[in-house]
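Containing compact mmCIF, C-alpha atoms and all ligand atoms: my_file.txt.
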```
# COMPACT_ATOMS: atom_id res chain seq x y z
CA MET A 15 93.99 125.86 85.45
CA ALA A 16 90.93 124.96 87.54
CA GLY A 17 87.46 124.07 86.20
CA THR A 18 86.04 120.99 84.54
CA LYS A 19 87.26 119.39 81.33
CA LYS A 20 85.01 116.83 79.68
CA THR A 21 86.29 114.30 77.21
CA LYS A 22 85.24 111.06 75.58
CA VAL A 23 88.66 109.56 76.24
CA LEU A 24 91.14 110.59 78.89
CA ILE A 25 94.65 109.22 78.41
CA ILE A 26 96.75 109.30 81.56
CA GLY A 27 100.48 109.22 80.87
CA SER A 28 102.81 110.48 78.13
CA GLY A 29 105.14 107.56 77.42
CA PRO A 30 105.04 105.52 74.19
CA ALA A 31 101.74 103.90 75.27
CA GLY A 32 100.01 107.22 75.99
CA TYR A 33 101.15 109.04 72.85
CA THR A 34 100.32 106.08 70.61
CA ALA A 35 96.86 105.82 72.19
CA ALA A 36 96.48 109.57 71.55
CA VAL A 37 97.39 109.20 67.85
CA TYR A 38 94.88 106.39 67.33
CA ALA A 39 92.10 107.96 69.42
CA SER A 40 92.54 111.26 67.53
CA ARG A 41 92.30 109.51 64.18
CA ALA A 42 89.10 107.86 65.43
CA MET A 43 87.75 111.42 65.99
CA LEU A 44 87.45 110.87 69.74
CA GLU A 45 89.19 114.18 70.52
CA PRO A 46 91.25 112.66 73.32
CA VAL A 47 92.76 114.59 76.19
CA LEU A 48 96.16 113.37 77.35
CA VAL A 49 97.50 114.31 80.78
CA GLN A 50 101.29 114.07 80.79
CA GLY A 51 102.15 113.58 84.46
CA ILE A 52 105.34 114.47 86.26
CA GLU A 53 107.59 112.95 83.57
CA PRO A 54 106.48 114.23 80.14
CA GLY A 55 107.64 111.64 77.61
CA GLY A 56 108.05 108.90 80.22
CA GLN A 57 111.02 106.67 80.94
CA LEU A 58 112.75 107.11 77.57
CA THR A 59 113.47 110.72 78.50
CA THR A 60 115.91 109.33 81.09
CA THR A 61 118.08 107.53 78.55
CA THR A 62 120.31 108.43 75.60
CA GLU A 63 120.51 106.15 72.54
CA VAL A 64 117.56 103.92 71.75
CA GLU A 65 118.60 101.32 69.19
CA ASN A 66 115.51 99.14 68.98
CA TRP A 67 112.78 101.54 67.91
CA PRO A 68 111.83 100.31 64.42
CA GLY A 69 112.70 102.78 61.71
CA ASP A 70 115.50 104.44 63.67
CA THR A 71 118.84 102.64 63.83
CA GLU A 72 119.66 105.01 66.64
CA VAL A 73 117.60 107.78 68.19
CA GLN A 74 117.97 109.76 71.41
CA GLY A 75 115.19 108.81 73.86
CA PRO A 76 114.15 112.41 74.62
CA ASP A 77 114.05 113.25 70.87
CA LEU A 78 111.90 110.24 70.12
CA MET A 79 109.43 111.25 72.81
CA LEU A 80 109.25 114.85 71.55
CA ARG A 81 108.46 113.46 68.09
CA MET A 82 105.72 111.25 69.55
CA GLU A 83 104.23 114.24 71.36
CA ALA A 84 104.29 116.34 68.18
CA HIS A 85 102.68 113.47 66.26
CA ALA A 86 99.85 113.13 68.80
CA LYS A 87 99.28 116.91 68.74
CA ALA A 88 99.28 117.01 64.94
CA MET A 89 96.57 114.33 64.89
CA GLY A 90 94.42 116.53 67.16
CA ALA A 91 95.02 115.27 70.69
CA GLU A 92 94.93 117.84 73.47
CA ILE A 93 98.09 117.43 75.53
CA ILE A 94 97.95 118.87 79.02
CA SER A 95 100.74 119.31 81.56
CA ASP A 96 99.07 118.11 84.75
CA ILE A 97 99.10 115.18 87.18
CA ILE A 98 96.03 113.10 87.98
CA SER A 99 95.75 112.67 91.75
CA THR A 100 92.58 110.56 92.16
CA ILE A 101 89.97 108.85 90.01
CA ASP A 102 86.40 108.25 91.17
CA PHE A 103 85.51 104.93 89.59
CA SER A 104 82.17 104.60 91.40
CA LYS A 105 80.09 106.21 88.64
CA ARG A 106 80.40 106.83 84.93
CA PRO A 107 81.45 109.22 83.55
CA TYR A 108 84.59 108.83 85.62
CA VAL A 109 85.81 111.90 87.45
CA CYS A 110 89.52 112.55 87.92
CA GLN A 111 90.98 115.19 90.21
CA SER A 112 94.35 116.71 89.38
CA ASP A 113 97.16 118.66 90.97
CA SER A 114 96.20 121.79 88.99
CA GLY A 115 92.67 121.71 90.42
CA THR A 116 91.13 120.81 87.06
CA GLU A 117 88.50 118.08 87.20
CA TYR A 118 88.64 115.72 84.21
CA VAL A 119 85.34 113.99 83.38
CA ALA A 120 85.76 111.05 80.99
CA ASP A 121 83.51 108.44 79.39
CA ALA A 122 86.48 106.13 78.93
CA ILE A 123 89.96 106.15 80.43
CA ILE A 124 93.22 104.75 79.05
CA LEU A 125 95.72 104.25 81.84
CA CYS A 126 99.33 104.57 80.64
CA THR A 127 101.13 105.52 83.84
CA GLY A 128 104.05 103.20 83.12
CA ALA A 129 106.65 102.33 85.68
CA ARG A 130 109.21 104.07 87.84
CA ALA A 131 112.58 103.22 89.31
CA LYS A 132 112.76 100.89 92.29
CA TRP A 133 114.90 101.69 95.31
CA LEU A 134 116.54 99.29 97.71
CA GLY A 135 114.96 100.90 100.76
CA LEU A 136 118.17 101.34 102.75
CA PRO A 137 118.20 104.28 105.20
CA SER A 138 121.60 105.43 103.85
CA GLU A 139 120.25 105.29 100.25
CA GLU A 140 117.40 107.56 101.33
CA LYS A 141 119.75 109.90 103.19
CA PHE A 142 121.97 110.54 100.15
CA LYS A 143 119.23 110.51 97.48
CA GLY A 144 119.89 113.58 95.34
CA PHE A 145 123.26 114.07 97.05
CA GLY A 146 125.28 111.32 95.36
CA VAL A 147 122.62 108.60 95.10
CA SER A 148 120.57 108.61 91.90
CA ALA A 149 118.47 106.35 89.69
CA CYS A 150 119.11 108.24 86.45
CA ALA A 151 122.56 108.32 84.85
CA THR A 152 121.51 110.59 81.99
CA CYS A 153 120.13 113.10 84.49
CA ASP A 154 123.00 113.08 86.98
CA GLY A 155 126.06 111.44 85.34
CA PHE A 156 127.54 114.79 84.36
CA PHE A 157 128.15 115.68 88.04
CA TYR A 158 130.73 112.91 88.38
CA ARG A 159 133.37 113.93 85.86
CA GLY A 160 136.68 112.25 86.75
CA GLN A 161 135.15 110.51 89.79
CA GLU A 162 134.58 106.88 90.74
CA ILE A 163 131.02 105.59 90.49
CA VAL A 164 129.14 102.50 91.63
CA VAL A 165 126.15 101.06 89.77
CA ILE A 166 123.89 98.49 91.44
CA GLY A 167 121.94 95.95 89.32
CA GLY A 168 122.34 93.45 86.50
CA GLY A 169 119.64 94.22 83.92
CA ASN A 170 119.63 96.32 80.75
CA THR A 171 119.27 99.52 82.72
CA ALA A 172 122.25 98.81 84.99
CA VAL A 173 124.52 97.89 82.07
CA GLU A 174 123.41 100.88 79.98
CA GLU A 175 123.90 103.20 82.95
CA ALA A 176 127.38 101.78 83.61
CA LEU A 177 128.36 102.22 79.95
CA PHE A 178 126.97 105.74 79.78
CA LEU A 179 128.69 106.75 83.01
CA THR A 180 132.12 105.85 81.57
CA ASN A 181 131.74 109.06 79.52
CA PHE A 182 132.31 110.96 82.77
CA ALA A 183 133.75 108.67 85.42
CA SER A 184 137.34 107.57 85.93
CA LYS A 185 136.07 104.13 87.01
CA VAL A 186 132.66 102.43 87.22
CA THR A 187 132.08 99.43 89.48
CA LEU A 188 129.00 97.41 88.59
CA VAL A 189 127.78 95.50 91.64
CA HIS A 190 125.47 92.56 90.96
CA ARG A 191 123.95 90.08 93.37
CA ARG A 192 124.52 87.06 91.08
CA ASP A 193 127.26 86.04 88.63
CA GLU A 194 125.04 86.39 85.55
CA LEU A 195 123.63 89.52 84.00
CA ARG A 196 120.03 89.78 82.88
CA ALA A 197 120.97 92.35 80.22
CA GLU A 198 120.93 91.69 76.45
CA ARG A 199 124.03 90.08 74.93
CA ILE A 200 124.91 93.14 72.82
CA LEU A 201 125.10 95.28 75.97
CA ILE A 202 127.10 92.67 77.88
CA ASP A 203 129.63 92.58 75.01
CA ARG A 204 130.05 96.34 75.23
CA LEU A 205 130.42 96.12 79.01
CA GLU A 206 133.09 93.44 78.79
CA LYS A 207 135.07 95.48 76.28
CA ASN A 208 134.98 98.68 78.33
CA PRO A 209 138.22 99.06 80.32
CA LYS A 210 136.70 101.57 82.74
CA ILE A 211 134.10 99.08 84.06
CA HIS A 212 134.86 96.54 86.75
CA THR A 213 132.11 94.06 87.71
CA LEU A 214 131.78 92.78 91.25
CA TRP A 215 129.72 89.56 91.33
CA PHE A 216 127.69 88.11 94.21
CA ASN A 217 127.57 91.39 96.08
CA GLU A 218 124.75 93.54 97.44
CA LEU A 219 124.75 97.12 98.63
CA GLU A 220 124.94 97.23 102.40
CA GLU A 221 125.43 100.93 103.07
CA VAL A 222 126.21 104.23 101.40
CA TYR A 223 128.45 106.46 103.49
CA GLY A 224 129.63 110.01 103.21
CA THR A 225 129.79 113.45 104.76
CA ASP A 226 126.98 115.32 106.50
CA ALA A 227 128.01 118.91 105.89
CA PRO A 228 127.88 119.23 102.97
CA LEU A 229 125.83 116.09 102.37
CA GLY A 230 127.78 113.94 99.91
CA VAL A 231 128.78 110.36 99.15
CA GLU A 232 132.30 109.07 99.81
CA GLY A 233 131.76 105.39 99.13
CA VAL A 234 129.75 102.22 99.67
CA LYS A 235 130.05 99.02 101.63
CA VAL A 236 128.92 95.93 99.74
CA LYS A 237 128.40 92.46 101.17
CA HIS A 238 129.22 89.14 99.47
CA THR A 239 126.00 87.14 99.20
CA LYS A 240 127.75 83.83 99.96
CA THR A 241 130.61 84.65 102.32
CA GLY A 242 129.19 87.77 103.99
CA GLU A 243 132.51 89.52 103.41
CA ILE A 244 132.24 93.31 103.37
CA THR A 245 134.09 95.27 100.68
CA ASP A 246 134.58 99.01 100.79
CA ILE A 247 134.39 100.85 97.44
CA PRO A 248 135.28 104.54 97.35
CA ALA A 249 132.82 106.42 95.09
CA LYS A 250 131.30 109.87 94.73
CA GLY A 251 128.19 108.63 92.92
CA VAL A 252 125.93 105.61 93.42
CA PHE A 253 123.40 104.69 90.75
CA ILE A 254 120.63 102.30 91.74
CA ALA A 255 119.43 100.39 88.67
CA ILE A 256 117.51 97.44 90.07
CA GLY A 257 114.44 97.64 87.88
CA HIS A 258 111.14 99.38 87.78
CA ALA A 259 107.78 98.95 89.50
CA PRO A 260 104.42 99.76 87.90
CA ALA A 261 103.04 103.22 88.71
CA ASN A 262 99.70 101.86 89.91
CA GLU A 263 98.89 104.29 92.75
CA LEU A 264 95.74 105.60 91.04
CA VAL A 265 94.17 102.18 90.60
CA LYS A 266 95.78 99.62 92.90
CA ASP A 267 92.79 99.55 95.28
CA VAL A 268 90.23 99.26 92.50
CA LEU A 269 91.72 97.16 89.72
CA GLU A 270 93.09 93.66 89.93
CA THR A 271 96.90 93.55 89.97
CA HIS A 272 99.47 90.75 89.89
CA MET A 273 103.21 90.01 89.74
CA GLY A 274 104.09 92.86 92.09
CA GLY A 275 101.42 95.38 91.15
CA TYR A 276 100.98 95.17 87.36
CA VAL A 277 97.38 95.86 86.31
CA VAL A 278 95.62 92.77 84.99
CA THR A 279 93.99 93.06 81.59
CA LYS A 280 91.79 90.54 79.81
CA PRO A 281 93.66 88.07 77.55
CA ASP A 282 94.74 89.64 74.22
CA SER A 283 93.16 92.90 75.31
CA THR A 284 93.78 96.11 77.25
CA GLU A 285 90.38 95.94 78.95
CA THR A 286 90.51 96.01 82.73
CA SER A 287 87.86 94.74 85.13
CA LEU A 288 86.07 98.14 84.98
CA PRO A 289 83.87 99.12 82.05
CA GLY A 290 85.48 101.69 79.78
CA VAL A 291 88.82 101.55 81.60
CA PHE A 292 91.77 100.31 79.55
CA ALA A 293 95.39 99.88 80.57
CA ALA A 294 98.47 99.83 78.33
CA GLY A 295 102.26 99.77 78.51
CA ASP A 296 104.55 99.07 81.44
CA LEU A 297 101.67 99.52 83.90
CA THR A 298 100.33 96.16 82.74
CA ASP A 299 103.45 94.45 81.41
CA HIS A 300 105.74 92.51 83.74
CA LYS A 301 107.26 90.60 80.82
CA TYR A 302 108.46 92.71 77.88
CA ARG A 303 108.59 96.32 79.15
CA GLN A 304 109.79 97.84 75.88
CA ALA A 305 108.93 101.07 74.11
CA VAL A 306 107.60 99.24 71.07
CA THR A 307 105.40 96.85 73.06
CA SER A 308 104.06 99.77 75.10
CA ALA A 309 103.23 101.64 71.90
CA GLY A 310 101.51 98.51 70.57
CA MET A 311 99.36 98.29 73.65
CA GLY A 312 98.55 102.01 73.41
CA CYS A 313 97.24 101.35 69.91
CA MET A 314 95.15 98.40 71.14
CA ALA A 315 93.70 100.47 73.99
CA ALA A 316 92.59 103.29 71.69
CA LEU A 317 90.97 100.86 69.24
CA GLU A 318 89.23 99.05 72.08
CA ALA A 319 88.07 102.33 73.66
CA GLU A 320 86.65 103.42 70.31
CA ARG A 321 84.69 100.18 69.90
CA TRP A 322 83.56 100.24 73.51
CA LEU A 323 82.28 103.85 73.21
CA ALA A 324 80.49 103.02 69.97
CA GLU A 325 78.72 100.18 71.76
CA HIS A 326 78.02 101.83 75.09
CA GLY A 327 77.71 105.50 74.16
CA MET A 328 78.37 108.29 76.60
CA ALA A 329 77.67 107.64 80.25
CA GLU A 330 75.15 109.47 82.43
CA ASN A 331 76.04 108.70 86.02
CA GLU A 332 75.93 104.96 85.51
CA ASP A 333 76.97 102.73 88.38
CA ALA A 334 80.41 101.45 87.37
CA VAL A 335 82.21 99.70 90.20
CA SER A 336 79.24 97.63 91.36
CA ALA A 337 78.89 96.30 87.81
CA ALA A 338 82.53 95.23 87.73
CA PRO A 339 83.87 91.91 88.97
CA ALA A 340 85.41 91.89 92.44
CA THR A 341 89.11 92.77 92.39
CA LYS A 342 91.91 90.65 93.71
CA ASN A 343 95.50 91.76 94.19
CA ALA A 344 97.66 88.71 93.82
CA ALA A 345 101.03 88.69 95.54
CA GLU A 346 104.11 88.00 93.47
P1 LIG B 401 106.38 105.33 80.72
O1 LIG B 401 107.38 105.60 79.67
O2 LIG B 401 106.81 104.78 82.02
O3 LIG B 401 105.56 106.67 80.96
C1 LIG B 401 104.63 106.77 82.00
C2 LIG B 401 103.95 108.11 81.90
O4 LIG B 401 102.88 108.16 82.85
C3 LIG B 401 104.86 109.29 82.21
O5 LIG B 401 104.67 110.26 81.22
C4 LIG B 401 104.34 109.82 83.54
O6 LIG B 401 104.51 111.21 83.69
C5 LIG B 401 102.86 109.45 83.44
N1 LIG B 401 102.16 109.36 84.72
C6 LIG B 401 102.43 108.57 85.78
N2 LIG B 401 101.57 108.83 86.80
C7 LIG B 401 100.73 109.80 86.33
C8 LIG B 401 99.64 110.52 86.91
N3 LIG B 401 99.23 110.28 88.17
N4 LIG B 401 99.02 111.45 86.17
C9 LIG B 401 99.41 111.68 84.89
N5 LIG B 401 100.43 111.04 84.29
C10 LIG B 401 101.08 110.12 85.01
N6 LIG B 401 112.77 100.35 76.01
C11 LIG B 401 113.12 100.10 74.73
O7 LIG B 401 112.32 99.57 73.96
N7 LIG B 401 114.34 100.47 74.27
C12 LIG B 401 115.26 101.10 75.03
O8 LIG B 401 116.37 101.40 74.58
C13 LIG B 401 114.92 101.38 76.38
N8 LIG B 401 115.78 102.03 77.18
C14 LIG B 401 115.41 102.31 78.45
C15 LIG B 401 116.32 102.99 79.26
C16 LIG B 401 115.98 103.31 80.56
C17 LIG B 401 116.98 104.04 81.44
C18 LIG B 401 114.71 102.93 81.07
C19 LIG B 401 114.34 103.30 82.47
C20 LIG B 401 113.80 102.24 80.26
C21 LIG B 401 114.15 101.91 78.96
N9 LIG B 401 113.29 101.22 78.12
C22 LIG B 401 113.64 100.97 76.83
C23 LIG B 401 111.95 100.79 78.56
C24 LIG B 401 110.89 101.82 78.05
O9 LIG B 401 111.31 103.12 78.42
C25 LIG B 401 109.53 101.53 78.65
O10 LIG B 401 109.15 100.21 78.32
C26 LIG B 401 108.46 102.49 78.11
O11 LIG B 401 108.84 103.84 78.32
C27 LIG B 401 107.13 102.27 78.79
O12 LIG B 401 106.22 103.15 78.22
P2 LIG B 401 104.86 103.54 78.93
O13 LIG B 401 104.13 104.42 77.97
O14 LIG B 401 104.16 102.34 79.43
O15 LIG B 401 105.23 104.36 80.24
P1 LIG B 402 115.23 94.29 85.27
O1 LIG B 402 115.40 93.71 83.92
O2 LIG B 402 114.09 93.88 86.13
O3 LIG B 402 116.61 94.03 86.07
C1 LIG B 402 116.76 94.43 87.40
C2 LIG B 402 118.14 94.00 87.89
O4 LIG B 402 118.33 94.47 89.22
C3 LIG B 402 118.33 92.49 87.89
O5 LIG B 402 119.61 92.15 87.47
C4 LIG B 402 118.10 92.14 89.37
O6 LIG B 402 118.86 91.06 89.78
C5 LIG B 402 118.60 93.37 90.08
N1 LIG B 402 117.89 93.57 91.34
C6 LIG B 402 116.56 93.63 91.54
N2 LIG B 402 116.27 93.84 92.83
C7 LIG B 402 117.46 93.89 93.47
C8 LIG B 402 117.83 94.08 94.83
N3 LIG B 402 116.92 94.26 95.78
N4 LIG B 402 119.15 94.07 95.13
C9 LIG B 402 120.09 93.90 94.17
N5 LIG B 402 119.80 93.73 92.86
C10 LIG B 402 118.50 93.72 92.52
O7 LIG B 402 115.13 95.90 85.20
P2 LIG B 402 115.75 96.96 84.17
O8 LIG B 402 117.14 96.65 83.86
O9 LIG B 402 115.42 98.32 84.73
O10 LIG B 402 114.88 96.77 82.86
C11 LIG B 402 113.44 96.96 82.93
C12 LIG B 402 112.83 96.75 81.56
O11 LIG B 402 113.20 97.83 80.69
C13 LIG B 402 113.33 95.46 80.90
O12 LIG B 402 112.28 94.85 80.21
C14 LIG B 402 114.38 95.93 79.97
O13 LIG B 402 114.55 95.08 78.84
C15 LIG B 402 113.84 97.31 79.54
N6 LIG B 402 114.98 98.11 79.13
C16 LIG B 402 115.40 97.94 77.84
C17 LIG B 402 116.54 98.57 77.41
C18 LIG B 402 116.98 98.35 76.01
O14 LIG B 402 116.26 97.76 75.25
N7 LIG B 402 118.16 98.79 75.62
C19 LIG B 402 117.25 99.40 78.28
C20 LIG B 402 116.82 99.53 79.60
C21 LIG B 402 115.68 98.86 80.01
P3 LIG B 402 118.56 89.54 89.27
O15 LIG B 402 119.06 89.49 87.86
O16 LIG B 402 119.34 88.72 90.23
O17 LIG B 402 117.08 89.39 89.41
```

Just give me the structure as structure tokens.
Amino acid sequence: MAGTKKTKVLIIGSGPAGYTAAVYASRAMLEPVLVQGIEPGGQLTTTTEVENWPGDTEVQGPDLMLRMEAHAKAMGAEIISDIISTIDFSKRPYVCQSDSGTEYVADAIILCTGARAKWLGLPSEEKFKGFGVSACATCDGFFYRGQEIVVIGGGNTAVEEALFLTNFASKVTLVHRRDELRAERILIDRLEKNPKIHTLWFNELEEVYGTDAPLGVEGVKVKHTKTGEITDIPAKGVFIAIGHAPANELVKDVLETHMGGYVVTKPDSTETSLPGVFAAGDLTDHKYRQAVTSAGMGCMAALEAERWLAEHGMAENEDAVSAAPATKNAAE
């Protein structure tokens, strides 16, 4: 779909932040356009049970996100399957190019691009990615029925992935670089009670090895962080669950970032350093990174965009970047 699409508010991203912003912006009669990106529904579509979304004791992540999408649509938001590739922040209205060839022209933008899985950066991890190495247990766990699996990491994601993978695997080894998990107590309790999971403390992934033809994993070598001792663990699947990094590619050269790339917003606000540009959810949040906090920020962003548009009206090729404070990207 090529051509130009004009909107008062463009919402980029379809996780809890994006859909909540779309609900609020629709109810404010802003007729928002939401571009979904490569992962419609965001990170929660890569998990199973969500047990901390208020109002649902337990809900499947993908179902929850379909409900959010339906809610946003019912309120009047236009939901488009497309990926924004660049944003020209030099003038208002802002002009976004997309993979489909459509040009989106927006008076205000709400950035909700969230976060995506981090990788260790090992050559062998790269070699077997998609052929035994994965960052999504719900997507790929099924392939390892009756096999041994290794999970790397010590946060909520790693523990949830390890637990979920016991539905398929004969044995799951959780490899963590310390002797303390970062995950919530309730998940640690479940981990400790699960006879299929063995935890290997003070170890880091050194290498994934396997066959070349066909490409496939046979095991990993892990290294003790204190003694340097190498342990060989046979496994057909390796799940990397070492956290997420903000998806800031569209804005990292223009907006101020901190703590490893999270977009800086003004205190108690979703306003960024550019006029009419708001940021919500995991893209800005190095601390909480939850569905409910992302949704809360999506709500704030829509309310702030509404007030900002009421005050500033629609733009006619106004200089934007030169009016904004200089940006600074602070290292972690
Ligand atoms: P995300 O959900 O990250 O969505 C980002 C969106 O931006 C995606 O739709 C993507 O397609 C889009 N996007 C990115 N780039 C572009 C682009 N260039 N153009 C257009 N669109 C773009 N939290 C909980 O509260 N409870 C849980 O039980 C829970 N379980 C989790 C399990 C797993 C495995 C993971 C990975 C996370 C879990 N979380 C959980 C955390 C929760 O998923 C996130 O905090 C939340 O999804 C963040 O929402 P978001 O809207 O900021 O962004
Ligand atoms: P996280 O909390 O940042 O944990 C990342 C884990 O990976 C940590 O244990 C960390 O070790 C380890 N790690 C990081 N880099 C590593 C490296 N280079 N080598 C080896 N290990 C490394 O990330 P997450 O678990 O993906 O969670 C992200 C956010 O989503 C959190 O806010 C979490 O609460 C949320 N989430 C919530 C739920 C839920 O509510 N049920 C489920 C999943 C995710 P150290 O501990 O040593 O730093």

Shortest contact to ligand LIG 401 (chain B), candidates A:Glu221, A:Glu63, A:Glu45, A:Asp282, atoms counted only C-alpha atoms and all ligand atoms, goes to A:Glu63

Write out as JSON, numbers by chain which residues come within 10 Å of Thr21 in chain A when counting all atoms listed in the file, dropping same-chain ones fewer than 5 positions away. {"A": [44, 45, 46, 47, 48, 107, 118, 119, 120, 121, 122, 123, 328]}

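Closest approach to Met89 in chain A from the set A:Ala183, A:Ile247, A:Val37, A:Ala319 is made by A:Val37, with distances taken over only C-alpha atoms.
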
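Atom pair CA of Ala35 in chain A / CA of Lys132 in chain A: separated by 26.1 Å.
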
Report as AutoDock Vina command-line options the centre and the edge lengths, in Å to one decimal, of the axis-aligned box holding every listed atom of ligand LIG 401 (chain B), padded by 4 Å on each side.
```
--center_x 108.0 --center_y 105.6 --center_z 81.1 --size_x 26.0 --size_y 20.1 --size_z 22.2
```

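Closest approach to Val186 in chain A among A:Met273, A:Ala88, A:Leu214, A:Ile200 is made by A:Leu214 (distances from all atoms listed in the file).
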
Exercise: range 304-312 of chain A partners within 10 Å, only C-alpha atoms, chain neighbours under 5 positions left out, as a PyMOL selection string: chain A and resi 25+29-39+56-58+64+66-68+75+124-126+128+282-284+292-299+317-318

Nearest to ligand LIG 401 (chain B), chosen from A:Ser138, A:Ser148, A:Asn262, A:Asn217, with only C-alpha atoms and all ligand atoms counted in the distances: A:Asn262
